[in-house]
Amino acid sequence: MRFEEFAATRLPAVLRFAGVLTGDRALAEDIVQEVLLRASARWEHIGTVDRPELYVRKMIVNEYLSWRRKTWRILPAGTGAEVDDRRAPDHAFQHAERDALLAELGKLPRRQRAVLVLRYYEGFSDSEIAELLGCTPGTVRGYASRALAALRVELSPRTLLQVTKEEL
């Protein structure tokens with residue numbers, strides 16, 4: 001597969017992955033652009049590996065983990081309003097829940113966030129994540145455990161269960 005074919009067919013999926021990983025569309029686009037520039041220069045090697053998309057995703061994770069630019073976010077304070085569980089949530093409520101989850105993901109350390117995105121958004125196993133991050137599967141489980149514990153403190157159980165991959 002040529003680089004141009006890869007970029008044309010896989011760019012939307014790679015951008016979505018980077019968007020979920022970073023929580024910032026502009027930053028995701030910057031990272032993907034940077035990675036694709038480097039990948040195009042090394043495509044003779046990358047194009048010969050078994051799964052070039054996995055290789056590019058690893059490059060994206062590494063770029064995200066080493067990104068130097070700080071992004072500051074202003075998060076609105078929660079209202080503390082109780083939700084009536086007997087009614088089905090409306091469209092706006094679902095978006096608010098998704099936004100709350102993404103905001104809390106954005107507060108996690110980068111490696112913990114990367115582990116959650118790779119595990120729950122991409123469906124990778126602990127060993128695949130460990131290979132991507134250059135650590136052991138036990139370390140991956142530790143990152144996931146700490147990240148999920150932090151999310152449990154900040155989010156209601158309902159938020160964690162209702163936001164699906166498609167909504168991210």
# chains A, B, ... in the order shown; residues from 1 in each chain; ligands from 1
call {"tool": "residues_around", "arguments": {"residues": "Leu155 (chain A)", "least_positions_apart": "6", "cutoff": "9 Å", "atoms": "only C-alpha atoms", "output": "list in words"}}
result
Ala100, Leu101 and Glu104 of chain A
call {"tool": "atom_distance", "arguments": {"atom1": "CA of Ala103 (chain A)", "atom2": "CA of Leu118 (chain A)"}}
result
17.4 Å
call {"tool": "residues_around", "arguments": {"residues": "Glu131 (chain A)", "least_positions_apart": "5", "cutoff": "10 Å", "atoms": "only C-alpha atoms", "output": "number ranges by chain"}}
result
A: 58, 125-126, 136-137, 140
call {"tool": "residues_around", "arguments": {"residues": "Leu54 (chain A)", "least_positions_apart": "5", "cutoff": "12 Å", "atoms": "only C-alpha atoms", "output": "number ranges by chain"}}
result
A: 6, 10, 13-14, 17, 46-47, 49, 59-61, 118, 122, 124, 128-129, 131-132
call {"tool": "closest_residue", "arguments": {"among": "A:Leu148, A:Leu133, A:Leu102, A:Leu108", "to": "Asp24 (chain A)", "atoms": "only C-alpha atoms"}}
result
A:Leu102
call {"tool": "closest_residue", "arguments": {"among": "A:Gln112, A:Arg2, A:Tyr64, A:Pro12", "to": "Ala41 (chain A)", "atoms": "only C-alpha atoms"}}
result
A:Arg2
call {"tool": "closest_residue", "arguments": {"among": "A:Glu44, A:Glu63, A:Ala144, A:Ala92", "to": "Glu29 (chain A)", "atoms": "only C-alpha atoms"}}
result
A:Glu63
call {"tool": "atom_distance", "arguments": {"atom1": "CA of Arg152 (chain A)", "atom2": "CA of Asp99 (chain A)"}}
result
15.5 Å
call {"tool": "atom_distance", "arguments": {"atom1": "CA of Ala7 (chain A)", "atom2": "CA of Tyr121 (chain A)"}}
result
20.8 Å
call {"tool": "select_by_dssp", "arguments": {"residues": "region 121-159 of chain A", "states": "helix (DSSP H, G or I)", "output": "NGL selection string"}}
result
:A and (121 or 126-133 or 137-154 or 157-159)
call {"tool": "residues_around", "arguments": {"residues": "Arg110 (chain A)", "least_positions_apart": "5", "cutoff": "9 Å", "atoms": "only C-alpha atoms", "output": "PDB file with N, CA and C atoms, in the first residue's frame"}}
result
ATOM      1  N   LEU A  21      -8.050  10.835  21.945  1.00  0.00           N
ATOM      2  CA  LEU A  21      -6.844  10.777  22.766  1.00  0.00           C
ATOM      3  C   LEU A  21      -6.509  12.138  23.366  1.00  0.00           C
ATOM      4  N   THR A  22      -6.594  13.190  22.575  1.00  0.00           N
ATOM      5  CA  THR A  22      -6.185  14.515  23.043  1.00  0.00           C
ATOM      6  C   THR A  22      -7.315  15.295  23.685  1.00  0.00           C
ATOM      7  N   TYR A  64       1.672  12.406  21.163  1.00  0.00           N
ATOM      8  CA  TYR A  64       0.787  12.978  22.181  1.00  0.00           C
ATOM      9  C   TYR A  64       1.472  12.984  23.550  1.00  0.00           C
ATOM     10  N   LEU A  65       2.133  11.897  23.900  1.00  0.00           N
ATOM     11  CA  LEU A  65       2.779  11.811  25.205  1.00  0.00           C
ATOM     12  C   LEU A  65       3.951  12.778  25.334  1.00  0.00           C
ATOM     13  N   VAL A 115      -3.982   4.972  27.910  1.00  0.00           N
ATOM     14  CA  VAL A 115      -4.372   3.590  28.203  1.00  0.00           C
ATOM     15  C   VAL A 115      -5.884   3.430  28.074  1.00  0.00           C
TER      16      VAL A 115
END
